[in-house]
Structures are given as structure tokens and as C-alpha cells.
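Colleague: If you scroll down you'll find the structure; I have some questions about it.
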Amino acid sequence: MKIAVPVDEKNMETTVCPSFGRSPFFLIYDTESKNATFIDNNAAASQGGSGIKAAQTIVDNQVSALLTPRCGENAAQVIQAANIKIYKTAGNSLQENIDAFMEGKLPVLNEIHPGFHGGRK
Amino acid sequence: MKIAVLSGKGGTGKTLVSVNLAAAAKASTYIDCDVEEPNGHLFFKPEKLVNETVAVKIPEVDNLLCNGCRKCIEFCKFNALAYIGDTLLVFEEVCHSCGGCALICPEKALREKEKAIGEIQRGVSGNVKVITGILNTGEASGIPIIKKLLDDMHEGNSKEDKKKNNESGKEFVFIDCPPGSACIVMESIKDVDYCILVAEPTLFGVHNLSMVHELVKLFGKPCGAVLNKCLDGENPAEKYCRENGINILCQIPYENEIGTMNSNALILARENDRYQALFRGLLDAVAKGGAP
């Protein structure tokens, strides 16, 4: 199966990015072939709605699961509309999180936050 | 004459100044553009209220017509659209109502529908026409409401202008701005004749004053400062005004009586001759300062 992870750099030794929508890159990883592809997140510098656009990228890459420390409600709505499961990462090591996911140790992400939408308040 | 009252932060005294100026003028209009938390009406308690809904346009998709070309998604600067499976999702809260997606859709699968974001309330309080903009909680932007508030002002004025020559009376319009110096404030001041900057006598107050001063300079508006909550001793805001050539229109003392009356939603200029004289004086200073 294919999974997606927001990451800080384009290598397997990198860390999981704490932000989903504004993560610089995504890892698209095939758990069977171990094939790793890093893609740019073209939503990272969006004025607004980055979660929606980033989620669109994840959906378009036809992954089955997203591993992320947190996810906003708009992004979650897009991800869930595509029947992609969201799992909560633990710690920031990419490799450890992939391993934990493979062993079925990552919990489903339940707390969907209302987003950090800029405004004047 | 259209006068905006603004400050770099909330709680400085915009409403105090604009409400009392409107009350001190012979005939005036008070427009509350602080649509996220309008409070001028609490002082005026206007009567004969008439409400009008303000709506914006947002897209509505006909998924039978949509062929998934995604031109709308590419177009949308605010990422308010996503295409999942064979369904176009519209995120209404993210949409900024530009209408571009409906224009660009080659299949005519998007059309616009109205969405209420707030209302305008018009009423009267003695000599003052009170107009209040109210943005519904959770809406992204109050700008459509401010546009509507100020469009009305122009319509009113064109008729008023004709009358003006006959009556030679001065009709004042006071605009109680939102705090800060963001888009919503720019929208509120762009067509005014004069800006009153309200400042507190602290270093923080000076920082906020400099923000709005920079803004009105950018807009090329004549302006003057009202120093609020003045105490004995050094006033950093006063110093800033002197150093930057800002005309100080008046100083409002830091007084128990003002605080008490204000927190009981009383209008100083209507309750007390001394305060009425203070705001009449301010009005005269503004009328002179804003004269071409």
C-alpha cells in the first residue's frame, strides 16, 4: 500500500514535519516495494487554504494512509472524502514512524483541530 | 465632512471619541465600521431600527455538469476548492467571493448563490443617525459590510450635497473604525476627508499611534491626534506627535467620572456641559484641520 508523510527534507533520514498543510515536502512511500518518492508541497506558501491544497496533492497520489502529527479540519474533510485513513505520528523520526506504522502501532488520528486560520484576531 | 476615527489597537477610545463627536454636532451620522464588535449603538440606543441583510456570493457546483477539469481549482488563490473522486468540494469559509471560479468554468458547472454574512442596522438617536455594521460570528471578512455601509454614505451624500448649498449647514459623518491598520481599516478610511488618531499616553500607545499614522500618510489624508487618558507628567504620545508634526486636536483627561459614565453607556457630551464643550472644541478643531 502507498502512504504519505509530511517531511522536512527529501531523504529517509529526515524528520516528520509538524505541519501538514505547510510541510515543505511529502514522502510517498510504497510499503511493499519500499519505493520512496519525495514530492514538493505546492501549497506550502499559500496565502490561505494550504491544508485543502496539500490534501488534494495527497489524494491525487492515490495513497491509502496519511501519517501526520496533526491535521486541520478542512484538510481532514478532503482526505476523508477520498477514504484515506489518517494516523498520528509519534516523535519526529520518519523511519521510526514508518516502522511503527508497519507494525500496526500508530493510532488513528482522532483530534482534528479547527485550523490556524490567519486573521486579525 | 466625513471623518474617520482610528487607532492602532482596541480600547484606546475610538468609540468614545466618535460617539461624542456625533452627539456634539448639530446633525450627524455615526457609522460603526467595527463590524466584528460594534458597540456605538450601546451608547446611542437608537430607535426606529431597520435591519438589512448583507450577503456575499459563493459558488455552488452542479456535479452532473462538472467534468473534473480542475480549472477552477487552479484558479482559486484561496484554495477553497478540491476535487475528490468525481465530486467538487467547496469550502465556503475559505472562499473570498471573487467569482472567478464560476467565470472560468468551461462547463458552466459553477454558479453563484448568496450567503448572508451579517447585517446593517439603521436607527436614530436624537440628532444622530446611527448606522451599525454587524458581521456574523465566524465569517472571514467584514469588508463587504463596510463597503455597503460606506456606499450608503455616498448615496446619502449626493442628495445631501444639493441640500447643503441651500441650508449651508455642515453635515458630519463619523466613522468608528475597526482597530489596527489592516485591510478592513483601509476600506473604512479610503473615502474620508479627515482622520482622527486616538492615542494612549504609553510607549505601547505610541507604537500603535505610529502604525495608524503611517497608514493615513500612505493614503494622503489630513489627520490630527486626540490624546486620551491623559495624566500629569510626561506623555510619550504627545512627544511622538510633536516630533512627527501631528496636530494635537485635544486631550481627554484620565478621570473617574469619564470612566464611570462611559462604562454605564452614557454619552458624555449629552450628560455634562463640560464634556460637551470639550467635544465641541474638538469638532471645531477637526473642521478647521480638514478644511481644504
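By convention here, the chains of the C-alpha cells are called A, B, ... in the order presented, each chain's residues are numbered starting at 1, and ligands are numbered starting at 1 in the order presented.
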Taking only C-alpha atoms into account and nothing else, which residues of chain B lie no more than 12 Å away from chain A? Please answer as number ranges by chain.

Modeller: B: 9-10, 36-37, 70, 73-74, 76-96, 138-142, 178-185

Colleague: Applying 6 Å and only C-alpha atoms, which residues near segment 102-114 of chain A remain after dropping the ones on its own chain fewer than 3 positions away? List them as a JSON list (two decimals) with N, CA and C atoms, in the first residue's frame.

Modeller:
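See around_38.json below for the written result:
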```
[["chain", "number", "residue", "atom", "x", "y", "z"],
["A", 71, "CYS", "N", -3.69, 17.41, 11.92],
["A", 71, "CYS", "CA", -4.38, 17.69, 10.67],
["A", 71, "CYS", "C", -5.55, 18.64, 10.95],
["A", 72, "GLY", "N", -5.68, 19.66, 10.13],
["A", 72, "GLY", "CA", -6.77, 20.62, 10.30],
["A", 72, "GLY", "C", -8.07, 20.09, 9.72],
["A", 73, "GLU", "N", -9.17, 20.75, 10.07],
["A", 73, "GLU", "CA", -10.48, 20.18, 9.70],
["A", 73, "GLU", "C", -10.75, 20.23, 8.19],
["A", 86, "ILE", "N", -6.16, 8.49, 8.37],
["A", 86, "ILE", "CA", -5.14, 9.37, 8.94],
["A", 86, "ILE", "C", -4.63, 8.75, 10.25],
["A", 87, "TYR", "N", -3.30, 8.58, 10.32],
["A", 87, "TYR", "CA", -2.67, 8.03, 11.53],
["A", 87, "TYR", "C", -1.80, 9.09, 12.18],
["A", 88, "LYS", "N", -1.74, 9.03, 13.51],
["A", 88, "LYS", "CA", -0.97, 10.03, 14.26],
["A", 88, "LYS", "C", 0.45, 9.56, 14.49],
["A", 99, "ASP", "N", 8.23, 2.47, 10.51],
["A", 99, "ASP", "CA", 8.33, 1.14, 11.14],
["A", 99, "ASP", "C", 7.14, 0.89, 12.06]]
```

Colleague: Which is closest to Asp273 of chain B among B:Ala24, B:Val124, B:Ala109, B:Ile58, if we use only C-alpha atoms?

Modeller: B:Ala24

Colleague: Got a sec: who's within 6 Å of segment 252-255 of chain B, counting only C-alpha atoms, leaving out chain neighbours fewer than 5 positions off, as JSON, numbers by chain?

Modeller: {"B": [228, 229, 230, 231]}

Colleague: Taking C-alpha atoms for each residue, export the selection above as an mmCIF file, in the first residue's frame.

Modeller:
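New file out-v6.cif:
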```
data_model
loop_
_atom_site.group_PDB
_atom_site.id
_atom_site.type_symbol
_atom_site.label_atom_id
_atom_site.label_comp_id
_atom_site.auth_asym_id
_atom_site.auth_seq_id
_atom_site.Cartn_x
_atom_site.Cartn_y
_atom_site.Cartn_z
ATOM 1 C CA ASN B 228 -6.889 60.064 25.559
ATOM 2 C CA LYS B 229 -6.477 59.061 29.205
ATOM 3 C CA CYS B 230 -4.063 61.929 29.859
ATOM 4 C CA LEU B 231 -2.344 62.095 33.249
#
```

Colleague: Counting only C-alpha atoms, what is within 10 Å of Thr37 of chain A, bar same-chain residues fewer than 2 positions away, as an MDAnalysis selection string?

Modeller: chainID A and resid 4 10:12 26:30 34:35 39

Colleague: Compile the contact shell of Leu150 of chain B as a list of chain:residue names: residues with an atom at most 9 Å away, counting only C-alpha atoms, same-chain residues fewer than 6 positions apart removed.

Modeller: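 The contact residues come out as B:Ile31, B:Cys33, B:Glu187, B:Ser188, B:Asp191.
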
Colleague: When you count only C-alpha atoms, which of these residues is closest to Met1 of chain B: B:Met153, B:Leu268, B:Val19, B:Cys101?

Modeller: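 Among the listed residues, B:Met153 lies closest to Met1 of chain B.
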
Colleague: Any chance you could list, as a PyMOL selection string, the residues in chain A that come up alpha helix (DSSP H) when DSSP is run on the backbone?

Modeller: chain A and resi 50-60+73-81+94-102

Colleague: Skipping near chain neighbours, those fewer than 5 positions away, what residues fall within 12 Å of segment 212-214 of chain B using only C-alpha atoms, listed as a PyMOL selection string?

Modeller: chain B and resi 4-9+177-182+185-186+189+195-199+205-207+219-225+237+240-241+244-247

Colleague: Among chain A, which residues does DSSP mark as strand (DSSP E) when it is run on the backbone? Keep the chain and numbering as in the structure and answer as a list of chain:residue names.

Modeller: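 Output for chain A, strand (DSSP E) only: A:Lys2, A:Ile3, A:Ala4, A:Val5, A:Pro6, A:Val7, A:Phe25, A:Phe26, A:Leu27, A:Ile28, A:Tyr29, A:Asp30, A:Ala36, A:Thr37, A:Phe38, A:Ile39, A:Asp40, A:Ala65, A:Leu66, A:Leu67, A:Thr68, A:Lys85, A:Ile86, A:Tyr87, A:Lys88.
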
Colleague: Just give me the gap between atom CA of Cys98 of chain B and atom CA of Lys71 of chain B in Å, one decimal is fine.

Modeller: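 Computing the Euclidean distance for atom CA of Cys98 of chain B and atom CA of Lys71 of chain B yields 15.0 Å.
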
Colleague: Which neighbours of Val16 of chain A fall inside 10 Å, counting only C-alpha atoms, when residues of the same chain fewer than 2 positions from it are skipped, and could you give them as a PDB file with C-alpha atoms, in the first residue's frame?

Modeller:
```
ATOM      1  CA  VAL A   5       4.061  11.621   5.321  1.00  0.00           C
ATOM      2  CA  PRO A   6       4.787  15.377   5.605  1.00  0.00           C
ATOM      3  CA  VAL A   7       8.587  15.682   5.887  1.00  0.00           C
ATOM      4  CA  ASP A   8      11.181  18.404   6.393  1.00  0.00           C
ATOM      5  CA  GLU A   9      13.730  17.182   3.850  1.00  0.00           C
ATOM      6  CA  GLU A  13      16.853  10.221   7.496  1.00  0.00           C
ATOM      7  CA  THR A  14      14.685  13.327   7.750  1.00  0.00           C
ATOM      8  CA  PRO A  18       4.926  19.240  12.485  1.00  0.00           C
ATOM      9  CA  SER A  19       2.622  20.983   9.984  1.00  0.00           C
ATOM     10  CA  PHE A  20       0.642  19.098   7.349  1.00  0.00           C
ATOM     11  CA  SER A  23       5.086  20.982   5.147  1.00  0.00           C
ATOM     12  CA  PHE A  25       7.702  18.071   1.124  1.00  0.00           C
ATOM     13  CA  PHE A  26       5.692  14.888   1.227  1.00  0.00           C
ATOM     14  CA  LEU A  27       7.093  11.394   1.178  1.00  0.00           C
ATOM     15  CA  LEU A  67       0.836   9.666   8.686  1.00  0.00           C
ATOM     16  CA  THR A  68       0.895  13.106  10.302  1.00  0.00           C
ATOM     17  CA  PRO A  69       1.293  14.620  13.785  1.00  0.00           C
ATOM     18  CA  THR A  89       2.825  10.023  14.221  1.00  0.00           C
ATOM     19  CA  ALA A  90       4.827   9.740  17.449  1.00  0.00           C
ATOM     20  CA  GLY A  91       8.153  11.523  17.826  1.00  0.00           C
ATOM     21  CA  ASN A  92       9.771  13.171  14.826  1.00  0.00           C
ATOM     22  CA  SER A  93      11.831  10.383  13.209  1.00  0.00           C
ATOM     23  CA  LEU A  94      10.479   9.477   9.784  1.00  0.00           C
ATOM     24  CA  GLN A  95      11.931   5.952   9.761  1.00  0.00           C
ATOM     25  CA  ASN A  97       7.181   6.228  12.306  1.00  0.00           C
TER      26      ASN A  97
END
```
